[in-house]
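Below is one structure, written out as structure tokens; the observations come after it.
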Amino acid sequence: MADTIAVVFSPHAPSQSPPLGPPPAPHPPAARNGYGGFHHGVSLLHGWVPQVVAFVAVLLLVIAFARATRRWWVLWMPVCAVGGVAAAWAAWDFVDDQGLASDPAPALLWASVGLTAAGLVAAVVGLRTGGWWQRIAAVLAVPAALLYTGVVLNQWVGYYPTVQAAWDALNADPLPHQVDPDELAALRNTDVGTGRIVEVDIPEAGSDFRHRREYVYLPPAWFAGDKPPSLPAVMMIGGEFNTPADWVRSGQIMPAVDAFAAKNNGQTPVLVFVDSGGSFNNDTECVNGPRGNAADHLTKDVPGYVESEFGVSKDPAQWAVVGWSMGGTCAVDLAVMHPDLFGTFVDIAGDLGPTAGSKEQTIKRLYGGNADAWAQFDPLTVMEQHGPYSGVVGLFDDLTAPKRTNNPGANGAPNGQPRNFPGMPKVNEEQIGKGGRDGVQDANEEGAAEQLCDAGRKVGIDCTVHTTVGGHTWQFAASAFTSSFPWLTARLGIPVPGLSS
């Protein structure tokens with residue numbers, strides 16, 4: 001289900017000897033043959049929960065709308081319909097205008113928004129008509145339809161894969177293996193079995209960026225010996241709407257990280273789950289501007305704090321930045337702007353550059369109308385102005401939306417045959433999420449990885465592009481990360497059997 005579409009380049013060796021010895025020159029990870037969804041616990045992405053929510057919402061809406069009077073059907077039903085259509089169009093227009101989505105939303109999302117609004121109108125105007133049970137149904141239909149809208153939205157982006165994940169996030173429950181920072185000393189020089197996650201409050205030393213509390217994952221190797229070894233570090237950045245815990249809660253990457261650590265003598269990089277927004281819906285695109293100096297926080301506050309508090313390596317060859325969606329854009333941008341901090345980046349389904357709509361809208365929203373600031377954070381412009389890089393390596397994991405077509409010759413298929421003919425990759429609907437089911441790819445994202453990688457090669461950045469059929473979901477992000485993690489670990493200087501040259 002995945003095709004490698006770019007020539008693989010061997011990573012450069014670092015200019016300095018890192019504490020764990022010079023990093024090996026592993027081959028970049030092979031393109032994946034697809035990825036599986038998460039099926040731990042009761043699923044919110046498919047199965048009986050979404051179906052039950054949909055059934056209840058539709059049933060209540062039908063009862064709410066089914067009034068017997070002629071006046072209702074002639075006057076108030078058209079009013080409900082107009083209200084629903086207006087709400088659906090307004091929601092679509094807002095998402096489109098703000099550039100909030102890399103993949104177009106499924107039509108079902110706009111339909112559920114419209115039905116929620118229509119149900120609200122019916123509940124208001126129908127208070128004096130129909131039986132008492134219809135009035136109660138009309139009132140209950142609104143939260144039921146709103147809940148179903150949330151379910152569809154979650155299916156689109158894969159944010160909460162299970163009921164348990166949603167419950168843990170809403171209740172701010174501790175993350176897997178989370179401990180208090182003052183408990184770390186007692187674990188020193190012990191066999192902890194699995195790594196530990198600690199919540200940290202990183203001082204705003206050089207950014208003045210108001211951020212939420214962030215998280216650091218410490219692998220078992222960090223606890224061995226009398227003092228922490230100088231391990232590599234990976235900065236982890238989530239998507240546009242995010243919390244610092246998203247890679248753990250929504251991505252559910254820790255079981256894979258724990259399994260890898262167990263097979264690699266407890267050795268992995270330290271993972272730093274950062275806050276790039278300051279709040280859930282503040283899309284900074286990791287730049288400095290009216291929405292906050294996110295770039296300064298990630299480059300001035302975070303590295304120094306993690307190095308001083310957890311003893312990680314200060315060598316840029318042993319620092320990497322990994323991001324998903326908006327975070328993927330950030331990963332490229334931070335690496336090309338600060339090769340003195342990051343020697344490796346992994347961009348998972350990022351855009352061509354920081355974006356908040358059209359270029360004009362982006363300049364206004366992200367940079368307060370300063371076009372020069374746009375150029376300072378545009379990765380293509382930065383690479384061209386920087387000139388030759390040394391020792392910077394990047395991996396792009398890009399998306400191609402699945403096609404459902406019988407058009408002759410589509411995607412290489414023989415005339416008259418659909419794409420999923422024998423010998424071609426098949427698409428598992430449960431794996432890709434609703435974000436990929438419409439077969440349409442955002443023009444701003446399509447080809448971004450190839451264009452960035454081509455520009456990077458011209459200035460000495462070794463890069464590889466993998467393209468996978470699938471949807472823009474957290475499940476894809478998690479799979480892309482876990483498949484590249486062994487390569488990333490070896491690239492940062494930790495020996496990984498089978499990957500060292």
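So you can find residues: chains in the structure tokens are A, B, ... in the order shown, residues in each start at 1, and ligands are numbered from 1 in order.
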Contact residues around Ala455 (chain A) with only C-alpha atoms at 12 Å, ignoring same-chain residues under 4 positions, as a list of chain:residue names: A:Val332, A:Val336, A:Leu352, A:Pro379, A:Leu380, A:Thr381, A:Val382, A:Met383, A:Glu384, A:Gln385, A:His386, A:Gly387, A:Pro388, A:Tyr389, A:Gly394, A:Ala448, A:Ala449, A:Glu450, A:Gln451, A:Val459, A:Gly460, A:Ile461, A:Asp462, A:Cys463
Region 217-232 of chain A: which residues within 10 Å, counting only C-alpha atoms, same-chain residues fewer than 6 positions away excluded, as an NGL selection string? :A and (18-20 or 177-178 or 184-199 or 254 or 257-258 or 261-262 or 264-273 or 307 or 310-320 or 489 or 491-494)
Selection: 9 Å around region 353-360 of chain A, only C-alpha atoms, excl. self and same-chain fewer than 2 positions, as a VMD selection string: chain A and resid 96 to 100 283 to 287 326 329 to 330 332 to 333 350 to 351 362 to 366 369 371 374 377 to 380 448
Residues from the last selection, N, CA and C atoms, saved as a compact mmCIF listing (two decimals), in the first residue's frame:
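Wrote selection.txt, looks like this:
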# COMPACT_ATOMS: atom_id res chain seq x y z
N ASP A 96 -12.96 26.43 5.66
CA ASP A 96 -12.23 26.70 4.42
C ASP A 96 -11.47 28.02 4.49
N ASP A 97 -12.12 29.05 5.02
CA ASP A 97 -11.49 30.37 5.09
C ASP A 97 -10.29 30.37 6.03
N GLN A 98 -10.39 29.64 7.14
CA GLN A 98 -9.30 29.62 8.12
C GLN A 98 -8.20 28.63 7.76
N GLY A 99 -8.43 27.82 6.72
CA GLY A 99 -7.43 26.83 6.35
C GLY A 99 -7.20 25.81 7.45
N LEU A 100 -8.27 25.34 8.07
CA LEU A 100 -8.15 24.50 9.26
C LEU A 100 -7.89 23.03 8.96
N ASP A 283 -3.41 28.09 16.50
CA ASP A 283 -2.56 27.55 15.44
C ASP A 283 -1.38 28.50 15.19
N THR A 284 -0.27 28.23 15.84
CA THR A 284 0.91 29.10 15.67
C THR A 284 1.75 28.72 14.47
N GLU A 285 1.61 27.48 13.99
CA GLU A 285 2.48 26.95 12.94
C GLU A 285 3.95 27.01 13.35
N CYS A 286 4.19 27.10 14.66
CA CYS A 286 5.55 27.13 15.21
C CYS A 286 6.36 28.33 14.74
N VAL A 287 5.72 29.46 14.52
CA VAL A 287 6.43 30.67 14.12
C VAL A 287 6.27 31.72 15.22
N MET A 326 0.44 19.84 11.00
CA MET A 326 1.10 21.12 11.25
C MET A 326 2.47 20.90 11.87
N THR A 329 5.12 20.29 9.32
CA THR A 329 5.60 21.55 8.76
C THR A 329 6.60 22.19 9.71
N CYS A 330 6.29 22.16 11.00
CA CYS A 330 7.20 22.72 12.00
C CYS A 330 8.54 21.99 11.99
N VAL A 332 10.21 20.46 9.60
CA VAL A 332 11.07 20.91 8.51
C VAL A 332 11.58 22.32 8.77
N ASP A 333 10.67 23.19 9.15
CA ASP A 333 11.01 24.59 9.34
C ASP A 333 12.08 24.75 10.42
N GLY A 350 3.12 16.95 6.50
CA GLY A 350 3.12 18.39 6.68
C GLY A 350 2.83 19.13 5.39
N ASP A 351 2.72 20.45 5.50
CA ASP A 351 2.46 21.30 4.34
C ASP A 351 3.77 21.85 3.77
N THR A 362 -2.26 34.11 5.43
CA THR A 362 -1.20 33.63 6.31
C THR A 362 -0.34 34.78 6.82
N ILE A 363 0.03 35.68 5.92
CA ILE A 363 0.86 36.82 6.32
C ILE A 363 0.12 37.67 7.35
N LYS A 364 -1.17 37.84 7.16
CA LYS A 364 -1.95 38.65 8.09
C LYS A 364 -2.15 37.95 9.42
N ARG A 365 -2.50 36.66 9.38
CA ARG A 365 -2.86 35.95 10.60
C ARG A 365 -1.65 35.51 11.42
N LEU A 366 -0.62 35.02 10.75
CA LEU A 366 0.52 34.49 11.48
C LEU A 366 1.59 35.54 11.76
N GLY A 369 0.74 40.83 9.17
CA GLY A 369 0.89 41.60 7.94
C GLY A 369 2.33 41.82 7.52
N ALA A 371 5.30 40.77 5.64
CA ALA A 371 5.69 39.83 4.58
C ALA A 371 7.12 39.35 4.77
N TRP A 374 7.09 36.39 6.92
CA TRP A 374 6.69 35.19 6.18
C TRP A 374 7.91 34.55 5.52
N PHE A 377 10.27 32.50 7.77
CA PHE A 377 9.82 31.19 8.22
C PHE A 377 9.38 30.28 7.07
N ASP A 378 9.54 30.70 5.84
CA ASP A 378 9.21 29.85 4.70
C ASP A 378 10.38 28.91 4.43
N PRO A 379 10.20 27.60 4.56
CA PRO A 379 11.35 26.69 4.46
C PRO A 379 12.06 26.73 3.11
N LEU A 380 11.33 26.91 2.01
CA LEU A 380 11.99 26.98 0.71
C LEU A 380 12.89 28.21 0.63
N ALA A 448 3.99 18.49 -1.54
CA ALA A 448 4.83 19.33 -0.69
C ALA A 448 6.10 18.61 -0.30
Show which residues sit within 12 Å of Ala66 (chain A), as a list of chain:residue names. Count only C-alpha atoms, and ignore same-chain residues fewer than 6 positions away. A:Leu59, A:Leu60, A:Trp72, A:Trp73, A:Trp76, A:Met77, A:Gly119, A:Ala122, A:Gly126, A:Thr129, A:Gly130, A:Gly131, A:Trp133, A:Gln134, A:Arg135, A:Ala137, A:Ala138
Among the residues A:Val393, A:Val125, A:Leu399, A:Asn281, the one that comes closest to Gly456 (chain A) [using only C-alpha atoms]: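 The shortest atom-to-atom distance to Gly456 (chain A) comes from A:Val393.
Look at Val200 (chain A): the protein and nucleic acid residues within 6 Å of it, using only C-alpha atoms and passing over chain neighbours fewer than 5 places away, are Arg213, Glu214 and Tyr215 of chain A.
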Given only C-alpha atoms as the counted atoms, nearest of A:Ser276, A:Thr473, A:Gln155, A:Ser308 to Ala295 (chain A):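 Checking each of A:Ser276, A:Thr473, A:Gln155, A:Ser308 against Ala295 (chain A), counting only C-alpha atoms, the winner is A:Ser276.
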For Ala54 (chain A), which of A:Ala107, A:Ala90, A:Leu120, A:Ala145 is the closest residue, counting only C-alpha atoms?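 Once distances to Ala54 (chain A) are computed over only C-alpha atoms, the minimum belongs to A:Ala145.
The gap separating CA of Val234 (chain A) from CA of Gln252 (chain A) is 16.7 Å, in Å to one decimal.
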If I take CA of Gly447 (chain A) and CA of Phe94 (chain A), how far is one from the other in Å, to one decimal?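 Atom-to-atom, CA of Gly447 (chain A) and CA of Phe94 (chain A) are spaced 25.2 Å apart.
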Write out as a VMD selection string all residues of region 78-275 of chain A that DSSP puts in alpha helix (DSSP H) for this structure's backbone. chain A and resid 78 to 98 107 to 125 132 to 157 163 to 170 184 to 187 220 to 223 246 to 249 254 to 263
